[in-house]
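Shown next: work-v6.tsv, given as TSV, C-alpha atoms.
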```
chain	number	residue	atom	x	y	z
B	1	MET	CA	3.62	18.55	-0.55
B	2	HIS	CA	-0.04	18.15	0.38
B	3	GLU	CA	-1.02	16.68	3.73
B	4	PRO	CA	-2.19	13.05	3.62
B	5	THR	CA	-5.90	12.62	2.93
B	6	ALA	CA	-5.85	9.38	4.93
B	7	VAL	CA	-3.33	7.99	7.39
B	8	GLY	CA	-3.10	5.24	9.97
B	9	SER	CA	-0.46	3.62	12.17
B	10	VAL	CA	-0.03	0.34	14.00
B	11	HIS	CA	2.61	-1.20	16.24
B	12	VAL	CA	3.88	-4.49	14.86
B	13	SER	CA	5.76	-7.00	17.01
B	14	ALA	CA	8.08	-7.89	14.16
B	15	ARG	CA	11.35	-6.57	12.84
B	16	PRO	CA	11.33	-3.76	10.26
B	17	ARG	CA	12.98	-6.20	7.84
B	18	THR	CA	9.99	-8.53	8.04
B	19	VAL	CA	7.47	-5.72	7.47
B	20	TYR	CA	9.46	-4.22	4.60
B	21	ARG	CA	9.71	-7.61	2.89
B	22	LEU	CA	5.94	-8.00	3.11
B	23	VAL	CA	5.07	-4.56	1.74
B	24	THR	CA	7.55	-4.89	-1.13
B	25	ASP	CA	6.67	-8.49	-2.05
B	26	LEU	CA	3.66	-7.64	-4.17
B	27	SER	CA	2.67	-11.31	-4.42
B	28	GLN	CA	1.85	-11.07	-0.68
B	29	TRP	CA	-0.51	-8.09	-1.04
B	30	ARG	CA	-3.54	-10.35	-1.56
B	31	GLY	CA	-3.15	-11.35	2.08
B	32	PHE	CA	-3.30	-7.87	3.56
B	33	VAL	CA	-3.98	-4.97	1.16
B	34	ALA	CA	-7.68	-4.06	1.33
B	35	GLU	CA	-8.53	-2.76	-2.15
B	36	CYS	CA	-5.76	-3.59	-4.63
B	37	ARG	CA	-4.58	-6.83	-6.19
B	38	VAL	CA	-1.33	-6.66	-8.11
B	39	VAL	CA	-1.14	-8.05	-11.63
B	40	PRO	CA	1.53	-10.79	-11.49
B	41	GLY	CA	4.89	-9.97	-13.00
B	42	GLU	CA	8.53	-9.30	-12.29
B	43	PHE	CA	9.06	-6.65	-9.66
B	44	THR	CA	11.99	-5.24	-7.72
B	45	ALA	CA	11.39	-2.59	-5.06
B	46	ARG	CA	13.37	0.35	-6.42
B	47	ALA	CA	12.57	3.87	-7.52
B	48	GLY	CA	11.16	3.99	-11.03
B	49	GLU	CA	9.91	0.39	-11.04
B	50	ARG	CA	6.29	0.00	-12.16
B	51	PHE	CA	3.52	-2.41	-11.32
B	52	ARG	CA	-0.10	-2.71	-12.29
B	53	GLY	CA	-3.00	-3.08	-9.92
B	54	ILE	CA	-6.57	-4.22	-10.17
B	55	ASN	CA	-8.65	-2.34	-7.64
B	56	HIS	CA	-12.12	-3.29	-6.55
B	57	HIS	CA	-15.08	-1.97	-4.62
B	58	GLY	CA	-18.03	-4.34	-4.59
B	59	PRO	CA	-18.66	-5.34	-8.21
B	60	MET	CA	-16.66	-2.40	-9.59
B	61	LEU	CA	-13.16	-3.10	-10.97
B	62	TRP	CA	-10.58	-0.70	-12.35
B	63	ARG	CA	-6.92	-0.96	-13.33
B	64	THR	CA	-4.15	1.38	-12.27
B	65	THR	CA	-0.43	1.74	-12.84
B	66	ALA	CA	1.92	2.49	-9.95
B	67	THR	CA	5.48	3.77	-10.06
B	68	VAL	CA	7.76	3.35	-7.05
B	69	THR	CA	8.96	6.75	-5.83
B	70	HIS	CA	10.92	5.65	-2.76
B	71	ALA	CA	12.30	2.30	-1.61
B	72	ALA	CA	14.51	2.42	1.48
B	73	PRO	CA	14.94	-1.10	2.89
B	74	GLU	CA	13.45	-1.51	6.35
B	75	ARG	CA	12.31	2.15	6.40
B	76	CYS	CA	10.01	3.23	3.59
B	77	PHE	CA	8.17	2.06	0.49
B	78	ALA	CA	6.22	4.64	-1.54
B	79	PHE	CA	4.57	4.77	-4.94
B	80	ARG	CA	2.49	7.06	-7.16
B	81	VAL	CA	-0.69	5.73	-8.82
B	82	THR	CA	-2.00	6.83	-12.22
B	83	LEU	CA	-5.08	6.02	-14.25
B	84	PHE	CA	-4.95	6.61	-18.01
B	85	GLY	CA	-1.65	8.43	-17.38
B	86	ARG	CA	-3.28	10.92	-15.00
B	87	PRO	CA	-2.24	11.26	-11.32
B	88	VAL	CA	-4.60	9.56	-8.89
B	89	SER	CA	-2.79	9.22	-5.57
B	90	SER	CA	0.45	8.55	-3.78
B	91	TRP	CA	0.84	5.88	-1.11
B	92	ARG	CA	3.54	5.44	1.50
B	93	TYR	CA	4.51	2.90	4.16
B	94	ASP	CA	6.88	4.31	6.78
B	95	ILE	CA	8.51	1.80	9.13
B	96	VAL	CA	10.11	3.04	12.35
B	97	PRO	CA	11.92	0.64	14.70
B	98	THR	CA	10.70	0.43	18.30
B	99	ALA	CA	11.94	-1.45	21.35
B	100	HIS	CA	9.62	-4.36	20.55
B	101	GLY	CA	9.26	-4.32	16.78
B	102	CYS	CA	8.26	-1.32	14.70
B	103	ARG	CA	5.57	1.25	14.06
B	104	VAL	CA	4.13	1.16	10.55
B	105	THR	CA	2.36	4.21	9.16
B	106	GLU	CA	0.45	3.99	5.91
B	107	SER	CA	-0.62	7.22	4.24
B	108	THR	CA	-2.13	8.38	0.99
B	109	ARG	CA	-2.53	11.67	-0.78
B	110	ASP	CA	-5.34	12.23	-3.26
B	111	GLN	CA	-3.89	13.76	-6.43
B	112	ARG	CA	-6.93	13.58	-8.70
B	113	GLY	CA	-7.96	16.69	-10.57
B	114	PRO	CA	-11.60	17.82	-10.71
B	115	VAL	CA	-12.46	15.84	-13.87
B	116	LEU	CA	-10.87	12.62	-12.59
B	117	ARG	CA	-12.71	13.03	-9.26
B	118	VAL	CA	-16.04	12.94	-11.13
B	119	ILE	CA	-14.98	10.09	-13.42
B	120	SER	CA	-13.67	8.05	-10.49
B	121	VAL	CA	-17.02	8.15	-8.69
B	122	LEU	CA	-18.60	6.60	-11.80
B	123	THR	CA	-15.75	4.13	-12.28
B	124	THR	CA	-15.32	3.00	-8.66
B	125	GLY	CA	-18.70	3.60	-7.07
B	126	VAL	CA	-16.95	5.36	-4.16
B	127	LEU	CA	-18.47	8.73	-3.25
B	128	ASP	CA	-16.13	9.61	-0.35
B	129	ARG	CA	-12.66	8.45	-1.33
B	130	ALA	CA	-10.95	9.84	1.80
B	131	ALA	CA	-13.30	7.93	4.12
B	132	ARG	CA	-12.92	4.77	2.04
B	133	ASN	CA	-9.13	5.07	2.14
B	134	ARG	CA	-9.17	5.54	5.93
B	135	ARG	CA	-11.16	2.30	6.32
B	136	ASN	CA	-8.91	0.50	3.84
B	137	ILE	CA	-5.79	1.64	5.71
B	138	GLU	CA	-7.23	0.35	9.01
B	139	HIS	CA	-7.95	-3.06	7.44
B	140	THR	CA	-4.62	-3.21	5.61
B	141	LEU	CA	-2.57	-2.35	8.71
B	142	ALA	CA	-4.43	-4.89	10.87
B	143	ARG	CA	-3.79	-7.63	8.30
B	144	LEU	CA	-0.18	-6.56	7.77
B	145	LYS	CA	0.39	-6.70	11.54
B	146	SER	CA	-1.03	-10.24	11.70
B	147	ALA	CA	0.99	-11.43	8.71
B	148	ALA	CA	4.30	-9.95	9.95
B	149	GLU	CA	3.84	-11.22	13.50
B	150	ALA	CA	2.96	-14.69	12.21
B	151	LEU	CA	6.17	-14.74	10.17
B	152	GLU	CA	8.21	-13.75	13.21
B	153	ASN	CA	6.44	-16.21	15.51
B	154	ASP	CA	6.68	-19.26	13.29
B	155	GLY	CA	10.38	-18.72	12.69
B	156	ASN	CA	10.11	-18.48	8.90
B	157	GLU	CA	11.54	-14.96	8.85
B	158	ARG	CA	14.46	-15.86	11.12
B	159	THR	CA	15.51	-18.76	8.89
B	160	ARG	CA	15.55	-16.49	5.82
B	161	SER	CA	17.61	-13.74	7.45
```

Mind turning the file's structure into structure tokens?
Amino acid sequence: MHEPTAVGSVHVSARPRTVYRLVTDLSQWRGFVAECRVVPGEFTARAGERFRGINHHGPMLWRTTATVTHAAPERCFAFRVTLFGRPVSSWRYDIVPTAHGCRVTESTRDQRGPVLRVISVLTTGVLDRAARNRRNIEHTLARLKSAAEALENDGNERTRS
């Protein structure tokens, strides 16, 4: 498998359960995911499940389809993204317990072929996808950290456990 084209990690002072629930509850993505909004619909985090995303960069919008490739509660959530049935990328959230919460690593692998790389620049307006994804991962992880820690601190997560 190819090395990630963008990766980032953050320590979160929240239980792995809390983080996993956030990354697999697609209705919550609007609060922390930097570039993608999920089209509302039924979703269960399990391998083979699909969801649709609307991605944006400035005024540019494009739709993608994602298929879950790995869903291990409290440990990992991963999916593959396609555009017009062609591979675009794979994304992964790895969650590792620590003494005071967990470490979350988000990574992506660019899987576009040469033609889709050219088309995607025109479609998205992004010239350097790897750099853009690195910035998006930083923003996403910072927001995910805040959201998960807020859930833990206000007691909402504990009452649902």

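Distances from B:Glu3, B:Asp94, B:Glu49, B:Glu106 to Asn136 in chain B were compared using only C-alpha atoms, and the smallest one belongs to B:Glu106.
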
- Message: Using all atoms listed in the file, can you tell me which of B:Gly31, B:Gly8, B:Asp128, B:Glu42 comes closest to Arg143 in chain B?
- Response: B:Gly31

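For the set B:Thr98, B:Ser13, B:Asn153, B:Ser107, the residue with the smallest atom-to-atom gap to Arg135 in chain B is B:Ser107, counting only C-alpha atoms.
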
Pull the closest atom pair for each residue of range 31-118 of chain B that gets at most 8 Å from range 17-25 of chain B, along with the distance in Å to one decimal, counting only C-alpha atoms, ordering rows by chain and then ascending residue number, as a tab-separated table.
```
residue	atom	partner	partner_atom	distance
B:Thr44	CA	B:Thr24	CA	8.0
B:Ala45	CA	B:Thr24	CA	6.0
B:Pro73	CA	B:Tyr20	CA	6.5
B:Glu74	CA	B:Arg17	CA	4.9
B:Arg75	CA	B:Tyr20	CA	7.2
B:Cys76	CA	B:Tyr20	CA	7.5
B:Phe77	CA	B:Thr24	CA	7.2
B:Tyr93	CA	B:Val23	CA	7.9
B:Ile95	CA	B:Tyr20	CA	7.6
```

Would you save the residues of that selection, restricted to C-alpha atoms, as a CSV table (one decimal), in the coordinates of the input?
```csv
chain,number,residue,atom,x,y,z
B,44,THR,CA,12.0,-5.2,-7.7
B,45,ALA,CA,11.4,-2.6,-5.1
B,73,PRO,CA,14.9,-1.1,2.9
B,74,GLU,CA,13.4,-1.5,6.4
B,75,ARG,CA,12.3,2.2,6.4
B,76,CYS,CA,10.0,3.2,3.6
B,77,PHE,CA,8.2,2.1,0.5
B,93,TYR,CA,4.5,2.9,4.2
B,95,ILE,CA,8.5,1.8,9.1
```

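Shortest atom-to-atom contact with Ala147 in chain B among B:Val12, B:Val81, B:Ala71, B:Leu61: B:Val12, counting all atoms listed in the file.
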
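We find CA of Val33 in chain B and CA of Phe51 in chain B to be spaced 14.8 Å apart.
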